[in-house]
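The next block is my_file_19.txt, given as compact mmCIF, N, CA and C atoms.
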```
# COMPACT_ATOMS: atom_id res chain seq x y z
N MET O 3 -13.55 -9.93 -20.95
CA MET O 3 -12.16 -9.52 -21.04
C MET O 3 -11.38 -10.11 -19.86
N ALA O 4 -10.32 -10.81 -20.15
CA ALA O 4 -9.49 -11.42 -19.11
C ALA O 4 -8.52 -10.38 -18.55
N LEU O 5 -8.41 -10.36 -17.24
CA LEU O 5 -7.49 -9.44 -16.58
C LEU O 5 -6.09 -10.04 -16.57
N LYS O 6 -5.08 -9.16 -16.61
CA LYS O 6 -3.70 -9.62 -16.56
C LYS O 6 -2.87 -8.66 -15.70
N VAL O 7 -1.70 -9.12 -15.30
CA VAL O 7 -0.80 -8.29 -14.51
C VAL O 7 -0.54 -6.99 -15.27
N GLY O 8 -0.64 -5.87 -14.56
CA GLY O 8 -0.43 -4.55 -15.13
C GLY O 8 -1.72 -3.82 -15.45
N ASP O 9 -2.83 -4.56 -15.53
CA ASP O 9 -4.13 -3.93 -15.81
C ASP O 9 -4.58 -3.08 -14.63
N SER O 10 -5.27 -2.00 -14.93
CA SER O 10 -5.87 -1.17 -13.89
C SER O 10 -7.26 -1.70 -13.57
N VAL O 11 -7.57 -1.71 -12.28
CA VAL O 11 -8.87 -2.20 -11.82
C VAL O 11 -9.43 -1.25 -10.78
N VAL O 12 -10.75 -1.27 -10.65
CA VAL O 12 -11.44 -0.53 -9.60
C VAL O 12 -12.17 -1.57 -8.74
N ILE O 13 -12.14 -1.36 -7.43
CA ILE O 13 -12.81 -2.27 -6.51
C ILE O 13 -14.30 -1.97 -6.52
N LYS O 14 -15.10 -3.02 -6.62
CA LYS O 14 -16.55 -2.86 -6.69
C LYS O 14 -17.09 -2.30 -5.38
N GLU O 15 -18.13 -1.46 -5.51
CA GLU O 15 -18.80 -0.89 -4.34
C GLU O 15 -19.31 -2.03 -3.45
N GLY O 16 -19.26 -1.82 -2.16
CA GLY O 16 -19.70 -2.82 -1.20
C GLY O 16 -18.59 -3.73 -0.72
N THR O 17 -17.42 -3.65 -1.34
CA THR O 17 -16.28 -4.47 -0.91
C THR O 17 -15.68 -3.85 0.35
N ARG O 18 -15.44 -4.71 1.34
CA ARG O 18 -14.91 -4.24 2.63
C ARG O 18 -13.52 -4.78 2.86
N ASP O 19 -12.71 -4.02 3.55
CA ASP O 19 -11.37 -4.43 3.94
C ASP O 19 -11.50 -5.48 5.04
N VAL O 20 -11.01 -6.69 4.80
CA VAL O 20 -11.17 -7.77 5.77
C VAL O 20 -10.26 -7.60 6.98
N ASP O 21 -9.19 -6.80 6.87
CA ASP O 21 -8.25 -6.66 7.97
C ASP O 21 -8.66 -5.60 8.98
N ILE O 22 -9.04 -4.42 8.51
CA ILE O 22 -9.35 -3.34 9.46
C ILE O 22 -10.78 -2.82 9.32
N GLY O 23 -11.56 -3.43 8.44
CA GLY O 23 -12.93 -2.96 8.25
C GLY O 23 -12.96 -1.75 7.34
N GLY O 24 -14.14 -1.29 7.09
CA GLY O 24 -14.30 -0.12 6.23
C GLY O 24 -14.40 -0.51 4.77
N SER O 25 -15.02 0.35 4.02
CA SER O 25 -15.23 0.12 2.60
C SER O 25 -13.98 0.45 1.80
N ILE O 26 -13.69 -0.39 0.82
CA ILE O 26 -12.64 -0.08 -0.14
C ILE O 26 -13.22 0.02 -1.55
N GLY O 27 -14.55 0.04 -1.63
CA GLY O 27 -15.20 0.20 -2.92
C GLY O 27 -14.78 1.51 -3.56
N GLY O 28 -14.43 1.47 -4.82
CA GLY O 28 -13.98 2.67 -5.53
C GLY O 28 -12.47 2.84 -5.54
N TYR O 29 -11.76 2.12 -4.67
CA TYR O 29 -10.29 2.19 -4.71
C TYR O 29 -9.83 1.65 -6.05
N GLN O 30 -8.73 2.21 -6.55
CA GLN O 30 -8.19 1.77 -7.84
C GLN O 30 -6.72 1.45 -7.71
N GLY O 31 -6.26 0.59 -8.59
CA GLY O 31 -4.85 0.24 -8.63
C GLY O 31 -4.54 -0.65 -9.82
N ARG O 32 -3.32 -1.18 -9.80
CA ARG O 32 -2.87 -2.06 -10.88
C ARG O 32 -2.63 -3.46 -10.34
N ILE O 33 -2.96 -4.44 -11.12
CA ILE O 33 -2.74 -5.84 -10.74
C ILE O 33 -1.23 -6.11 -10.78
N VAL O 34 -0.69 -6.64 -9.67
CA VAL O 34 0.72 -7.00 -9.62
C VAL O 34 0.90 -8.52 -9.53
N GLU O 35 -0.18 -9.24 -9.23
CA GLU O 35 -0.10 -10.70 -9.15
C GLU O 35 -1.49 -11.29 -9.34
N ILE O 36 -1.54 -12.43 -10.01
CA ILE O 36 -2.77 -13.20 -10.13
C ILE O 36 -2.43 -14.62 -9.71
N GLY O 37 -3.26 -15.18 -8.83
CA GLY O 37 -2.98 -16.53 -8.35
C GLY O 37 -4.26 -17.27 -8.00
N GLU O 38 -4.08 -18.44 -7.46
CA GLU O 38 -5.21 -19.27 -7.02
C GLU O 38 -5.00 -19.65 -5.57
N ASP O 39 -6.08 -19.59 -4.78
CA ASP O 39 -5.97 -20.02 -3.39
C ASP O 39 -6.13 -21.53 -3.31
N GLU O 40 -6.08 -22.06 -2.09
CA GLU O 40 -6.15 -23.51 -1.90
C GLU O 40 -7.48 -24.12 -2.34
N LYS O 41 -8.51 -23.31 -2.48
CA LYS O 41 -9.82 -23.80 -2.93
C LYS O 41 -10.01 -23.63 -4.44
N GLY O 42 -9.00 -23.10 -5.11
CA GLY O 42 -9.08 -22.92 -6.56
C GLY O 42 -9.68 -21.60 -7.00
N ALA O 43 -9.99 -20.72 -6.06
CA ALA O 43 -10.54 -19.41 -6.41
C ALA O 43 -9.40 -18.48 -6.85
N THR O 44 -9.67 -17.68 -7.87
CA THR O 44 -8.66 -16.75 -8.38
C THR O 44 -8.62 -15.50 -7.51
N TYR O 45 -7.42 -15.11 -7.12
CA TYR O 45 -7.25 -13.88 -6.36
C TYR O 45 -6.30 -12.96 -7.11
N LEU O 46 -6.36 -11.69 -6.75
CA LEU O 46 -5.49 -10.68 -7.31
C LEU O 46 -4.74 -9.97 -6.19
N SER O 47 -3.56 -9.53 -6.49
CA SER O 47 -2.86 -8.59 -5.64
C SER O 47 -2.84 -7.27 -6.41
N VAL O 48 -3.38 -6.23 -5.78
CA VAL O 48 -3.52 -4.93 -6.43
C VAL O 48 -2.68 -3.90 -5.67
N LEU O 49 -1.79 -3.23 -6.39
CA LEU O 49 -1.04 -2.10 -5.83
C LEU O 49 -1.87 -0.86 -6.08
N TRP O 50 -2.26 -0.17 -5.00
CA TRP O 50 -3.11 1.02 -5.14
C TRP O 50 -2.42 2.06 -6.01
N ASP O 51 -3.23 2.81 -6.76
CA ASP O 51 -2.67 3.91 -7.53
C ASP O 51 -2.41 5.10 -6.59
N SER O 52 -1.73 6.11 -7.09
CA SER O 52 -1.33 7.23 -6.23
C SER O 52 -2.54 7.98 -5.69
N ILE O 53 -3.61 8.06 -6.46
CA ILE O 53 -4.81 8.78 -6.01
C ILE O 53 -5.45 8.04 -4.84
N THR O 54 -5.54 6.72 -4.95
CA THR O 54 -6.10 5.93 -3.84
C THR O 54 -5.20 6.03 -2.62
N MET O 55 -3.89 5.91 -2.80
CA MET O 55 -2.97 5.99 -1.65
C MET O 55 -3.17 7.30 -0.90
N LYS O 56 -3.29 8.39 -1.65
CA LYS O 56 -3.48 9.70 -1.01
C LYS O 56 -4.81 9.80 -0.28
N SER O 57 -5.80 9.00 -0.69
CA SER O 57 -7.13 9.08 -0.07
C SER O 57 -7.25 8.25 1.20
N ILE O 58 -6.31 7.36 1.44
CA ILE O 58 -6.37 6.52 2.64
C ILE O 58 -5.94 7.37 3.84
N PRO O 59 -6.78 7.47 4.86
CA PRO O 59 -6.40 8.27 6.03
C PRO O 59 -5.08 7.77 6.64
N LEU O 60 -4.21 8.71 6.99
CA LEU O 60 -2.93 8.35 7.58
C LEU O 60 -3.12 7.50 8.83
N SER O 61 -4.19 7.75 9.59
CA SER O 61 -4.45 6.94 10.78
C SER O 61 -4.71 5.48 10.42
N SER O 62 -5.35 5.24 9.29
CA SER O 62 -5.58 3.86 8.84
C SER O 62 -4.27 3.21 8.40
N ILE O 63 -3.44 3.97 7.70
CA ILE O 63 -2.14 3.45 7.28
C ILE O 63 -1.30 3.13 8.51
N GLU O 64 -1.31 4.00 9.50
CA GLU O 64 -0.57 3.74 10.74
C GLU O 64 -1.08 2.49 11.44
N GLN O 65 -2.38 2.31 11.47
CA GLN O 65 -2.97 1.12 12.09
C GLN O 65 -2.50 -0.15 11.36
N MET O 66 -2.49 -0.12 10.04
CA MET O 66 -2.02 -1.27 9.28
C MET O 66 -0.54 -1.53 9.52
N GLU O 67 0.26 -0.46 9.57
CA GLU O 67 1.69 -0.60 9.86
C GLU O 67 1.89 -1.25 11.23
N GLU O 68 1.14 -0.79 12.23
CA GLU O 68 1.26 -1.35 13.58
C GLU O 68 0.95 -2.84 13.59
N GLN O 69 0.03 -3.27 12.73
CA GLN O 69 -0.36 -4.68 12.67
C GLN O 69 0.51 -5.48 11.71
N GLY O 70 1.49 -4.82 11.09
CA GLY O 70 2.37 -5.50 10.15
C GLY O 70 1.70 -5.82 8.82
N LEU O 71 0.66 -5.05 8.47
CA LEU O 71 -0.06 -5.27 7.23
C LEU O 71 0.47 -4.35 6.13
N ASP O 72 0.41 -4.82 4.90
CA ASP O 72 0.81 -4.02 3.75
C ASP O 72 -0.34 -3.11 3.36
N TRP O 73 -0.18 -1.82 3.50
CA TRP O 73 -1.27 -0.88 3.20
C TRP O 73 -1.31 -0.47 1.73
N ALA O 74 -0.23 -0.70 1.00
CA ALA O 74 -0.16 -0.25 -0.39
C ALA O 74 -0.63 -1.31 -1.38
N THR O 75 -0.63 -2.56 -0.95
CA THR O 75 -1.03 -3.67 -1.81
C THR O 75 -2.13 -4.44 -1.11
N TYR O 76 -3.12 -4.88 -1.86
CA TYR O 76 -4.26 -5.57 -1.26
C TYR O 76 -4.58 -6.83 -2.06
N TYR O 77 -4.85 -7.92 -1.36
CA TYR O 77 -5.26 -9.18 -1.98
C TYR O 77 -6.77 -9.32 -1.89
N LEU O 78 -7.39 -9.70 -3.00
CA LEU O 78 -8.83 -9.90 -3.00
C LEU O 78 -9.23 -10.82 -4.15
N GLU O 79 -10.45 -11.31 -4.08
CA GLU O 79 -10.95 -12.20 -5.12
C GLU O 79 -11.21 -11.42 -6.40
N ILE O 80 -11.01 -12.09 -7.51
CA ILE O 80 -11.16 -11.45 -8.82
C ILE O 80 -12.56 -10.91 -9.03
N GLU O 81 -13.56 -11.53 -8.39
CA GLU O 81 -14.95 -11.07 -8.55
C GLU O 81 -15.20 -9.71 -7.91
N SER O 82 -14.24 -9.22 -7.13
CA SER O 82 -14.40 -7.95 -6.43
C SER O 82 -13.92 -6.75 -7.23
N VAL O 83 -13.43 -6.98 -8.46
CA VAL O 83 -12.87 -5.87 -9.24
C VAL O 83 -13.49 -5.81 -10.63
N GLU O 84 -13.32 -4.64 -11.23
CA GLU O 84 -13.70 -4.43 -12.63
C GLU O 84 -12.54 -3.71 -13.31
N ALA O 85 -12.33 -3.99 -14.58
CA ALA O 85 -11.30 -3.29 -15.35
C ALA O 85 -11.66 -1.82 -15.47
N THR O 86 -10.66 -0.98 -15.48
CA THR O 86 -10.87 0.46 -15.63
C THR O 86 -9.65 1.08 -16.30
N GLU O 87 -9.75 2.35 -16.62
CA GLU O 87 -8.63 3.09 -17.19
C GLU O 87 -7.72 3.56 -16.06
N GLU O 88 -6.41 3.57 -16.31
CA GLU O 88 -5.50 4.05 -15.27
C GLU O 88 -5.64 5.55 -15.10
N ARG O 89 -5.39 6.02 -13.87
CA ARG O 89 -5.56 7.44 -13.55
C ARG O 89 -4.24 8.15 -13.30
N ASP O 90 -3.17 7.40 -13.29
CA ASP O 90 -1.87 7.99 -12.99
C ASP O 90 -0.79 7.18 -13.68
N THR O 91 0.46 7.53 -13.40
CA THR O 91 1.58 6.77 -13.95
C THR O 91 2.24 5.96 -12.84
N GLN O 92 3.02 4.98 -13.23
CA GLN O 92 3.73 4.20 -12.22
C GLN O 92 4.75 5.06 -11.48
N ALA O 93 5.29 6.06 -12.14
CA ALA O 93 6.22 6.99 -11.47
C ALA O 93 5.49 7.76 -10.36
N GLN O 94 4.24 8.16 -10.60
CA GLN O 94 3.47 8.84 -9.57
C GLN O 94 3.20 7.89 -8.39
N VAL O 95 2.92 6.63 -8.69
CA VAL O 95 2.71 5.64 -7.62
C VAL O 95 3.96 5.54 -6.76
N ARG O 96 5.13 5.39 -7.38
CA ARG O 96 6.38 5.27 -6.63
C ARG O 96 6.62 6.51 -5.77
N SER O 97 6.34 7.68 -6.33
CA SER O 97 6.56 8.93 -5.59
C SER O 97 5.68 9.00 -4.35
N VAL O 98 4.38 8.75 -4.51
CA VAL O 98 3.46 8.83 -3.38
C VAL O 98 3.76 7.73 -2.37
N LEU O 99 4.09 6.53 -2.85
CA LEU O 99 4.45 5.44 -1.95
C LEU O 99 5.65 5.83 -1.09
N GLY O 100 6.63 6.47 -1.71
CA GLY O 100 7.80 6.92 -0.97
C GLY O 100 7.46 7.99 0.06
N GLU O 101 6.62 8.95 -0.34
CA GLU O 101 6.22 10.02 0.58
C GLU O 101 5.51 9.46 1.81
N ILE O 102 4.56 8.56 1.59
CA ILE O 102 3.81 8.01 2.71
C ILE O 102 4.70 7.10 3.55
N SER O 103 5.51 6.30 2.90
CA SER O 103 6.41 5.40 3.64
C SER O 103 7.35 6.19 4.55
N ASN O 104 7.79 7.35 4.08
CA ASN O 104 8.66 8.19 4.92
C ASN O 104 7.95 8.66 6.17
N LYS O 105 6.62 8.74 6.13
CA LYS O 105 5.85 9.19 7.29
C LYS O 105 5.53 8.06 8.26
N VAL O 106 5.46 6.82 7.76
CA VAL O 106 4.97 5.72 8.61
C VAL O 106 5.88 4.50 8.63
N GLY O 107 6.97 4.54 7.92
CA GLY O 107 7.78 3.34 7.72
C GLY O 107 8.36 2.67 8.94
N TRP O 108 8.41 3.35 10.08
CA TRP O 108 9.00 2.78 11.29
C TRP O 108 7.94 2.40 12.33
N ILE O 109 6.72 2.71 12.08
CA ILE O 109 5.66 2.54 13.08
C ILE O 109 5.48 1.09 13.50
N HIS O 110 5.73 0.15 12.59
CA HIS O 110 5.54 -1.25 12.95
C HIS O 110 6.50 -1.71 14.05
N TRP O 111 7.48 -0.91 14.42
CA TRP O 111 8.40 -1.22 15.51
C TRP O 111 7.85 -0.79 16.87
N GLY O 112 6.63 -0.27 16.90
CA GLY O 112 6.03 0.14 18.16
C GLY O 112 6.51 1.53 18.59
N GLU O 113 6.59 1.74 19.90
CA GLU O 113 6.95 3.06 20.42
C GLU O 113 8.35 3.48 19.99
N GLU O 114 9.29 2.56 19.99
CA GLU O 114 10.65 2.88 19.53
C GLU O 114 10.61 3.34 18.07
N GLY O 115 9.83 2.66 17.25
CA GLY O 115 9.70 3.04 15.85
C GLY O 115 9.08 4.41 15.67
N ARG O 116 8.09 4.73 16.53
CA ARG O 116 7.47 6.07 16.47
C ARG O 116 8.50 7.16 16.76
N ARG O 117 9.38 6.91 17.73
CA ARG O 117 10.42 7.89 18.05
C ARG O 117 11.40 8.03 16.89
N ILE O 118 11.79 6.91 16.29
CA ILE O 118 12.68 6.96 15.13
C ILE O 118 12.00 7.73 14.00
N GLN O 119 10.72 7.45 13.80
CA GLN O 119 9.96 8.11 12.73
C GLN O 119 9.95 9.62 12.92
N GLN O 120 9.80 10.08 14.17
CA GLN O 120 9.78 11.52 14.43
C GLN O 120 11.09 12.17 14.04
N VAL O 121 12.20 11.48 14.28
CA VAL O 121 13.51 12.02 13.93
C VAL O 121 13.70 12.04 12.42
N LEU O 122 13.33 10.94 11.76
CA LEU O 122 13.62 10.80 10.34
C LEU O 122 12.65 11.54 9.43
N THR O 123 11.48 11.88 9.90
CA THR O 123 10.47 12.49 9.05
C THR O 123 10.94 13.80 8.43
N ASP O 124 11.69 14.58 9.15
CA ASP O 124 12.13 15.88 8.64
C ASP O 124 13.43 15.82 7.86
N MET O 125 14.01 14.63 7.74
CA MET O 125 15.28 14.49 7.03
C MET O 125 15.03 14.20 5.56
N ASP O 126 15.96 14.62 4.71
CA ASP O 126 15.83 14.25 3.30
C ASP O 126 16.40 12.85 3.10
N ARG O 127 16.16 12.28 1.94
CA ARG O 127 16.49 10.87 1.67
C ARG O 127 17.97 10.57 1.90
N GLU O 128 18.86 11.43 1.46
CA GLU O 128 20.29 11.18 1.60
C GLU O 128 20.70 11.14 3.08
N ASP O 129 20.11 12.04 3.89
CA ASP O 129 20.41 12.05 5.32
C ASP O 129 19.89 10.78 6.00
N ILE O 130 18.72 10.32 5.59
CA ILE O 130 18.15 9.09 6.15
C ILE O 130 19.06 7.91 5.82
N LEU O 131 19.51 7.83 4.58
CA LEU O 131 20.40 6.73 4.18
C LEU O 131 21.71 6.78 4.95
N ALA O 132 22.23 7.98 5.19
CA ALA O 132 23.46 8.13 5.97
C ALA O 132 23.23 7.68 7.41
N ALA O 133 22.07 8.03 7.99
CA ALA O 133 21.76 7.60 9.36
C ALA O 133 21.63 6.09 9.44
N LEU O 134 20.97 5.48 8.47
CA LEU O 134 20.83 4.02 8.46
C LEU O 134 22.19 3.34 8.31
N LYS O 135 23.05 3.91 7.48
CA LYS O 135 24.41 3.37 7.30
C LYS O 135 25.18 3.45 8.62
N ALA O 136 25.03 4.55 9.34
CA ALA O 136 25.71 4.69 10.64
C ALA O 136 25.23 3.63 11.62
N TRP O 137 23.93 3.36 11.64
CA TRP O 137 23.39 2.31 12.52
C TRP O 137 23.96 0.94 12.16
N GLU O 138 24.06 0.67 10.85
CA GLU O 138 24.61 -0.61 10.42
C GLU O 138 26.05 -0.76 10.84
N ASP O 139 26.80 0.33 10.86
CA ASP O 139 28.22 0.28 11.18
C ASP O 139 28.50 0.09 12.67
N LEU O 140 27.49 0.24 13.52
CA LEU O 140 27.70 0.09 14.97
C LEU O 140 27.95 -1.33 15.37
```
Show this structure as structure tokens.
Amino acid sequence: MALKVGDSVVIKEGTRDVDIGGSIGGYQGRIVEIGEDEKGATYLSVLWDSITMKSIPLSSIEQMEEQGLDWATYYLEIESVEATEERDTQAQVRSVLGEISNKVGWIHWGEEGRRIQQVLTDMDREDILAALKAWEDL
């Protein structure tokens, strides 16, 4: 069975995260891109499903944010995945992605970003947008 964009996949056991280490075997998500690297090997970009996103320790997400890495999407070789049934909806993915991003979205700015994050974490979305608009207007 050929995989295509939108298909759900599970990462094979024994697969390790090349950026921060640790196993990602069992993680699941949907294919958002299929491409070829310079050597002709097929790679996939997988957006984690909401269940996988919730299972990633916040400390790992913060570490990836600090390094400027995308924690919600992962690139890997096609041989590292198997087709599977989806476990959630795309709306659930967007919701969880938003929740986690609200907790860590400024961390990649270093200490200043951490301070901004502390202020914005307790604000609702409309208040955050108003604060960002005020910063833009300065």
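Residue nearest Thr54 in chain O, chosen from O:Gly42, O:Trp73, O:Lys105, O:Gln30 and counting only N, CA and C atoms: O:Gln30.
For the point (-7.4, -7.3, -16.0), the residues with at least one atom inside 9 Å, counting only C-alpha atoms, are Met3, Ala4, Leu5, Lys6, Val7, Gly8, Asp9, Ser10, Val11, Arg32, Ile33, Val83, Glu84, Ala85 and Thr86 of chain O.
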Selection above as a file: N, CA and C atoms, as a PDB file, keeping the file's coordinate frame:
```pdb
ATOM      1  N   MET O   3     -13.550  -9.930 -20.950  1.00  0.00           N
ATOM      2  CA  MET O   3     -12.160  -9.520 -21.040  1.00  0.00           C
ATOM      3  C   MET O   3     -11.380 -10.110 -19.860  1.00  0.00           C
ATOM      4  N   ALA O   4     -10.320 -10.810 -20.150  1.00  0.00           N
ATOM      5  CA  ALA O   4      -9.490 -11.420 -19.110  1.00  0.00           C
ATOM      6  C   ALA O   4      -8.520 -10.380 -18.550  1.00  0.00           C
ATOM      7  N   LEU O   5      -8.410 -10.360 -17.240  1.00  0.00           N
ATOM      8  CA  LEU O   5      -7.490  -9.440 -16.580  1.00  0.00           C
ATOM      9  C   LEU O   5      -6.090 -10.040 -16.570  1.00  0.00           C
ATOM     10  N   LYS O   6      -5.080  -9.160 -16.610  1.00  0.00           N
ATOM     11  CA  LYS O   6      -3.700  -9.620 -16.560  1.00  0.00           C
ATOM     12  C   LYS O   6      -2.870  -8.660 -15.700  1.00  0.00           C
ATOM     13  N   VAL O   7      -1.700  -9.120 -15.300  1.00  0.00           N
ATOM     14  CA  VAL O   7      -0.800  -8.290 -14.510  1.00  0.00           C
ATOM     15  C   VAL O   7      -0.540  -6.990 -15.270  1.00  0.00           C
ATOM     16  N   GLY O   8      -0.640  -5.870 -14.560  1.00  0.00           N
ATOM     17  CA  GLY O   8      -0.430  -4.550 -15.130  1.00  0.00           C
ATOM     18  C   GLY O   8      -1.720  -3.820 -15.450  1.00  0.00           C
ATOM     19  N   ASP O   9      -2.830  -4.560 -15.530  1.00  0.00           N
ATOM     20  CA  ASP O   9      -4.130  -3.930 -15.810  1.00  0.00           C
ATOM     21  C   ASP O   9      -4.580  -3.080 -14.630  1.00  0.00           C
ATOM     22  N   SER O  10      -5.270  -2.000 -14.930  1.00  0.00           N
ATOM     23  CA  SER O  10      -5.870  -1.170 -13.890  1.00  0.00           C
ATOM     24  C   SER O  10      -7.260  -1.700 -13.570  1.00  0.00           C
ATOM     25  N   VAL O  11      -7.570  -1.710 -12.280  1.00  0.00           N
ATOM     26  CA  VAL O  11      -8.870  -2.200 -11.820  1.00  0.00           C
ATOM     27  C   VAL O  11      -9.430  -1.250 -10.780  1.00  0.00           C
ATOM     28  N   ARG O  32      -3.320  -1.180  -9.800  1.00  0.00           N
ATOM     29  CA  ARG O  32      -2.870  -2.060 -10.880  1.00  0.00           C
ATOM     30  C   ARG O  32      -2.630  -3.460 -10.340  1.00  0.00           C
ATOM     31  N   ILE O  33      -2.960  -4.440 -11.120  1.00  0.00           N
ATOM     32  CA  ILE O  33      -2.740  -5.840 -10.740  1.00  0.00           C
ATOM     33  C   ILE O  33      -1.230  -6.110 -10.780  1.00  0.00           C
ATOM     34  N   VAL O  83     -13.430  -6.980  -8.460  1.00  0.00           N
ATOM     35  CA  VAL O  83     -12.870  -5.870  -9.240  1.00  0.00           C
ATOM     36  C   VAL O  83     -13.490  -5.810 -10.630  1.00  0.00           C
ATOM     37  N   GLU O  84     -13.320  -4.640 -11.230  1.00  0.00           N
ATOM     38  CA  GLU O  84     -13.700  -4.430 -12.630  1.00  0.00           C
ATOM     39  C   GLU O  84     -12.540  -3.710 -13.310  1.00  0.00           C
ATOM     40  N   ALA O  85     -12.330  -3.990 -14.580  1.00  0.00           N
ATOM     41  CA  ALA O  85     -11.300  -3.290 -15.350  1.00  0.00           C
ATOM     42  C   ALA O  85     -11.660  -1.820 -15.470  1.00  0.00           C
ATOM     43  N   THR O  86     -10.660  -0.980 -15.480  1.00  0.00           N
ATOM     44  CA  THR O  86     -10.870   0.460 -15.630  1.00  0.00           C
ATOM     45  C   THR O  86      -9.650   1.080 -16.300  1.00  0.00           C
TER      46      THR O  86
END
```
Using only C-alpha atoms, which of the listed residues (O:Ala132, O:Ile36, O:Gly16, O:Ile63) sits closest to Leu78 in chain O? O:Ile36
Excluding range 98-102 of chain O and its own-chain neighbours fewer than 2 positions away, which residues fall within 8 Å of it when counting only C-alpha atoms? Please give them as a count of residues only. 11
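From atom N of Glu35 in chain O back to atom N of Leu49 in chain O, the distance works out to 6.8 Å.
From atom C of Tyr45 in chain O back to atom N of Gly24 in chain O, the distance works out to 20.0 Å.
Closest approach to Val48 in chain O among O:Leu60, O:Ser103, O:Thr75, O:Glu68 is made by O:Thr75 (distances from only N, CA and C atoms).
Here atom N of Tyr29 in chain O is placed at a distance of 25.8 Å from atom C of Lys41 in chain O.
Shortest separation to Val12 in chain O among O:Gly31, O:Gln65, O:Glu40, O:Ser57 occurs at residue O:Gly31, atoms counted being all atoms listed in the file.
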May I ask which of the residues O:Ser97, O:Asp21, O:Ala43, O:Trp50 is the closest one to Glu79 in chain O, counting only N, CA and C atoms? O:Ala43
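Neighbouring residues of Gly28 in chain O at 8 Å or closer, counting only C-alpha atoms and skipping chain neighbours under 5 positions away, are Val12, Ile13, Lys14 and Glu15 of chain O.
Among the candidates O:Arg89, O:Leu46, O:Ile53, O:Ser61, the one nearest to Tyr76 in chain O when counting only N, CA and C atoms is O:Leu46.
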Taking the DSSP secondary structure from the backbone, can you list the residues of range 32-112 of chain O that are strand (DSSP E or B), as a ChimeraX atom specification? /O:32-38,44-50,75-79,83-85
